[in-house]
$ cat final_10.cif   # mmCIF, C-alpha atoms
data_my_file
loop_
_atom_site.label_atom_id
_atom_site.label_comp_id
_atom_site.auth_asym_id
_atom_site.auth_seq_id
_atom_site.Cartn_x
_atom_site.Cartn_y
_atom_site.Cartn_z
CA MET A 1 -5.49 13.43 -2.51
CA ALA A 2 -2.93 14.53 -5.11
CA GLU A 3 -2.61 18.01 -3.58
CA ARG A 4 -2.18 16.61 -0.07
CA LEU A 5 0.44 14.09 -1.23
CA SER A 6 2.30 16.83 -3.07
CA HIS A 7 2.50 18.95 0.08
CA VAL A 8 3.59 16.00 2.24
CA LEU A 9 6.26 14.57 -0.04
CA GLN A 10 7.69 17.54 -1.94
CA PRO A 11 9.60 19.21 0.92
CA ARG A 12 11.29 15.99 2.02
CA HIS A 13 12.25 14.04 -1.09
CA GLN A 14 12.11 14.01 -4.82
CA LEU A 15 8.39 13.54 -5.24
CA GLY A 16 8.61 10.35 -7.24
CA GLU A 17 5.35 9.17 -8.67
CA LEU A 18 1.77 8.50 -7.74
CA ILE A 19 0.32 5.42 -9.40
CA LEU A 20 -3.45 5.33 -9.41
CA VAL A 21 -5.06 2.04 -10.37
CA ASN A 22 -8.61 1.97 -11.64
CA ASP A 23 -9.87 -1.57 -11.10
CA GLY A 24 -12.61 -1.50 -13.70
CA SER A 25 -14.76 1.03 -11.89
CA GLY A 26 -17.55 2.48 -13.99
CA ASP A 27 -18.06 5.54 -11.78
CA GLY A 28 -15.82 7.89 -13.75
CA SER A 29 -12.66 7.09 -11.79
CA TRP A 30 -10.59 6.59 -14.93
CA GLU A 31 -11.57 10.03 -16.25
CA VAL A 32 -10.46 11.57 -12.94
CA ILE A 33 -7.15 9.69 -13.17
CA GLU A 34 -6.63 10.92 -16.74
CA HIS A 35 -7.33 14.49 -15.62
CA LEU A 36 -4.88 14.22 -12.72
CA SER A 37 -2.23 12.64 -14.97
CA ALA A 38 -2.56 15.56 -17.40
CA ARG A 39 -2.33 18.11 -14.57
CA TYR A 40 0.55 16.50 -12.63
CA SER A 41 3.49 14.99 -14.49
CA TRP A 42 4.29 12.76 -11.49
CA ILE A 43 0.96 10.91 -11.65
CA ARG A 44 0.52 7.75 -13.73
CA GLY A 45 -2.64 5.80 -14.19
CA ILE A 46 -3.29 2.14 -14.81
CA ASN A 47 -6.71 1.18 -16.11
CA LEU A 48 -7.64 -2.45 -15.52
CA MET A 49 -10.38 -3.83 -17.74
CA ARG A 50 -12.34 -5.20 -14.77
CA ASN A 51 -12.31 -5.44 -11.00
CA TYR A 52 -9.76 -8.09 -10.03
CA GLY A 53 -9.87 -7.20 -6.32
CA GLN A 54 -8.06 -4.73 -4.12
CA HIS A 55 -4.88 -6.74 -3.65
CA ASN A 56 -4.55 -7.51 -7.37
CA ALA A 57 -4.89 -3.79 -8.11
CA LEU A 58 -2.25 -3.03 -5.46
CA LEU A 59 0.05 -5.68 -6.91
CA CYS A 60 -0.30 -4.08 -10.33
CA GLY A 61 0.73 -0.70 -8.94
CA ILE A 62 3.56 -2.19 -6.88
CA ARG A 63 4.98 -3.92 -9.94
CA ALA A 64 4.86 -0.63 -11.88
CA ALA A 65 6.63 1.40 -9.16
CA ALA A 66 9.97 2.84 -10.24
CA PHE A 67 11.19 4.48 -7.04
CA PRO A 68 12.96 2.87 -4.03
CA ILE A 69 10.04 3.26 -1.62
CA VAL A 70 6.42 2.28 -2.17
CA VAL A 71 3.51 3.68 -0.17
CA THR A 72 0.17 1.91 -0.44
CA MET A 73 -2.97 3.69 0.60
CA ASP A 74 -6.63 3.82 -0.31
CA ASP A 75 -7.96 6.84 -2.13
CA ASP A 76 -10.67 7.35 0.50
CA LEU A 77 -8.08 9.06 2.74
CA GLN A 78 -9.04 6.92 5.72
CA ASN A 79 -5.34 7.17 6.48
CA PRO A 80 -4.14 10.73 5.96
CA PRO A 81 -1.10 11.31 3.71
CA GLU A 82 0.26 13.62 6.41
CA GLU A 83 1.20 10.47 8.37
CA ILE A 84 3.63 9.26 5.68
CA PRO A 85 6.64 11.07 7.28
CA ALA A 86 6.13 9.07 10.51
CA LEU A 87 6.25 5.83 8.49
CA LEU A 88 9.36 7.04 6.62
CA SER A 89 11.03 7.85 9.93
CA GLU A 90 10.31 4.34 11.23
CA LEU A 91 11.59 2.78 7.97
CA GLN A 92 14.90 4.58 8.50
CA GLN A 93 15.31 2.68 11.78
CA GLY A 94 16.25 -0.43 9.77
CA TYR A 95 12.87 -1.85 8.77
CA ASP A 96 11.80 -2.93 5.30
CA VAL A 97 8.02 -2.64 5.81
CA VAL A 98 6.18 -0.18 8.05
CA TYR A 99 2.43 -0.26 8.50
CA GLY A 100 0.28 2.65 9.56
CA THR A 101 -2.01 1.12 12.15
CA PRO A 102 -5.33 2.89 12.62
CA GLN A 103 -6.51 3.34 16.17
CA HIS A 104 -10.07 2.59 15.09
CA GLN A 105 -10.95 0.07 12.38
CA ALA A 106 -13.72 1.02 9.98
CA HIS A 107 -14.73 -2.59 9.30
CA GLY A 108 -17.03 -5.00 11.03
CA VAL A 109 -15.83 -7.26 13.82
CA LEU A 110 -16.24 -10.47 11.79
CA ARG A 111 -14.31 -9.08 8.83
CA ASP A 112 -11.50 -7.88 11.08
CA LEU A 113 -11.35 -11.23 12.89
CA ALA A 114 -11.30 -13.25 9.65
CA SER A 115 -8.62 -10.99 8.20
CA THR A 116 -6.46 -11.23 11.34
CA ILE A 117 -6.71 -15.02 11.49
CA THR A 118 -5.89 -15.40 7.79
CA LYS A 119 -2.83 -13.14 8.04
CA TRP A 120 -1.65 -14.80 11.25
CA VAL A 121 -1.85 -18.31 9.78
CA ALA A 122 -0.27 -17.33 6.49
CA THR A 123 2.63 -15.39 7.99
CA ARG A 124 3.37 -17.97 10.71
CA ARG A 125 3.33 -20.75 8.15
CA ASN A 126 6.11 -18.95 6.32
CA GLY A 127 8.08 -18.40 9.52
CA ARG A 128 7.81 -14.64 9.17
CA ARG A 129 6.37 -12.26 11.70
CA LYS A 130 4.59 -9.02 11.04
CA PRO A 131 2.63 -6.86 13.45
CA LEU A 132 -0.88 -8.18 13.99
CA GLY A 133 -3.70 -5.79 13.27
CA THR A 134 -1.82 -4.20 10.38
CA SER A 135 -3.00 -3.86 6.83
CA VAL A 136 -1.55 -3.00 3.48
CA ARG A 137 -4.34 -0.40 3.22
CA PHE A 138 -1.68 2.00 4.56
CA ALA A 139 1.90 0.78 4.40
CA LEU A 140 5.33 1.84 3.28
CA PHE A 141 8.04 -0.53 2.14
CA ARG A 142 11.31 -0.75 0.28
CA THR A 143 10.61 -1.54 -3.37
CA GLN A 144 13.36 -4.19 -3.36
CA VAL A 145 11.14 -6.37 -1.13
CA ARG A 146 8.95 -7.06 -4.17
CA ASN A 147 11.84 -9.01 -5.74
CA ALA A 148 10.87 -11.95 -3.51
CA PHE A 149 7.45 -12.17 -5.14
CA GLU A 150 8.07 -10.75 -8.62
CA ALA A 151 7.21 -14.04 -10.30
CA TYR A 152 4.04 -14.63 -8.28
CA GLY A 153 1.15 -15.28 -10.64
CA GLY A 154 -1.49 -17.00 -8.53
CA PRO A 155 -5.11 -15.95 -8.72
CA TYR A 156 -5.39 -15.18 -5.00
CA VAL A 157 -3.26 -12.29 -3.81
CA SER A 158 -2.54 -11.06 -0.31
CA ILE A 159 0.06 -8.30 -0.41
CA ASP A 160 0.54 -8.68 3.35
CA VAL A 161 1.57 -12.31 2.86
CA LEU A 162 3.71 -11.57 -0.21
CA LEU A 163 5.67 -8.99 1.78
CA THR A 164 6.58 -11.71 4.29
CA TRP A 165 8.34 -13.52 1.45
CA GLY A 166 10.81 -10.64 1.12
CA THR A 167 11.69 -9.66 4.67
CA LYS A 168 11.34 -10.29 8.39
CA ARG A 169 11.90 -6.63 9.28
CA PHE A 170 8.40 -5.26 9.93
CA SER A 171 7.21 -2.45 12.11
CA SER A 172 4.11 -0.35 12.59
CA VAL A 173 3.26 3.19 13.61
CA ASN A 174 0.00 4.06 15.34
CA SER A 175 -2.17 6.37 13.33
CA GLN A 176 -2.99 9.73 14.85
CA LYS A 177 -6.49 9.58 13.41
#

$ encode --input "final_10.cif" --output "structure tokens"
Amino acid sequence: MAERLSHVLQPRHQLGELILVNDGSGDGSWEVIEHLSARYSWIRGINLMRNYGQHNALLCGIRAAAFPIVVTMDDDLQNPPEEIPALLSELQQGYDVVYGTPQHQAHGVLRDLASTITKWVATRRNGRRKPLGTSVRFALFRTQVRNAFEAYGGPYVSIDVLLTWGTKRFSSVNSQK
């Protein structure tokens, strides 16, 4: 992942940083993160003492981000880093948040339906609109958007909903995968 990100980002912009969050995994993930951090000066690791959930881990990384644009993605490379330039291009059209929307979901129908309903209710309740079928599993947004939720401390986190607190300017780009 680090090599692929380096090749995608280096030619276009100052590389910035890659923040890898280990959410208490006991599978050796933290050792891999330490190795990558030693090899690449632009990689930082955060080691949580236990698994707090995907969105809490993302929130931790988002709060630690120092550069003007944040990209969220899973380390399983379900969404290829090579698609980041397409999201950046869309962001430059005046949006604050751009989602990479996969053509094929890797989850079950019930999980997808429950997730879609939850996001729809939560975002409509706040009067904000974001593209349905999108997920923070692969997204790019302006770091300043996090100012709207910097004080959030609740136990239940949905990054998708928190982003609606900071902007109404959402877009999505269809994944090529």

$ closest_residue --input "final_10.cif" --among "A:Leu77, A:Val71, A:Ala2, A:Leu18" --to "Arg44 in chain A" --atoms "all atoms listed in the file"
A:Leu18

$ resolve_selection --input "final_10.cif" --expression "the PyMOL selection byres ((chain A and resi 73) around 7)" --output "list in words"
Val71, Thr72, Asp74, Asp75, Arg137, Phe138 and Ala139 of chain A

$ closest_residue --input "final_10.cif" --among "A:Leu5, A:Val21, A:Ala66, A:Leu59" --to "Pro155 in chain A" --atoms "only C-alpha atoms"
A:Leu59

$ residues_around --input "final_10.cif" --residues "Ser41 in chain A" --least-positions-apart "4" --cutoff "9 Å" --atoms "all atoms listed in the file" --output "list in words"
Glu17, Leu36 and Ser37 of chain A

$ closest_residue --input "final_10.cif" --among "A:Glu3, A:Asp23, A:Glu90, A:Asp160" --to "Gly61 in chain A" --atoms "only C-alpha atoms"
A:Asp23

$ resolve_selection --input "final_10.cif" --expression "the PyMOL selection byres ((chain A and resi 152) around 12)" --output "number ranges by chain"
A: 56, 59-60, 63, 146-151, 153-159, 161-163, 165

$ resolve_selection --input "final_10.cif" --expression "the PyMOL selection byres ((chain A and resi 49) around 9)" --output "PyMOL selection string"
chain A and resi 22-25+47-48+50-52

$ atom_distance --input "final_10.cif" --atom1 "CA of Asp76 in chain A" --atom2 "CA of Val173 in chain A"
19.6 Å

$ closest_residue --input "final_10.cif" --among "A:Arg4, A:Arg142, A:His55, A:Arg39" --to "Pro80 in chain A" --atoms "only C-alpha atoms"
A:Arg4

$ axis_aligned_box --input "final_10.cif" --around "range 15-22 of chain A" --padding-each-side "3 Å" --output "JSON"
{"center_x": 0.0, "center_y": 7.8, "center_z": -8.4, "size_x": 23.2, "size_y": 17.6, "size_z": 12.4}

$ closest_residue --input "final_10.cif" --among "A:Asn79, A:Gln144, A:Gln93, A:Ser6" --to "Ile62 in chain A" --atoms "only C-alpha atoms"
A:Gln144
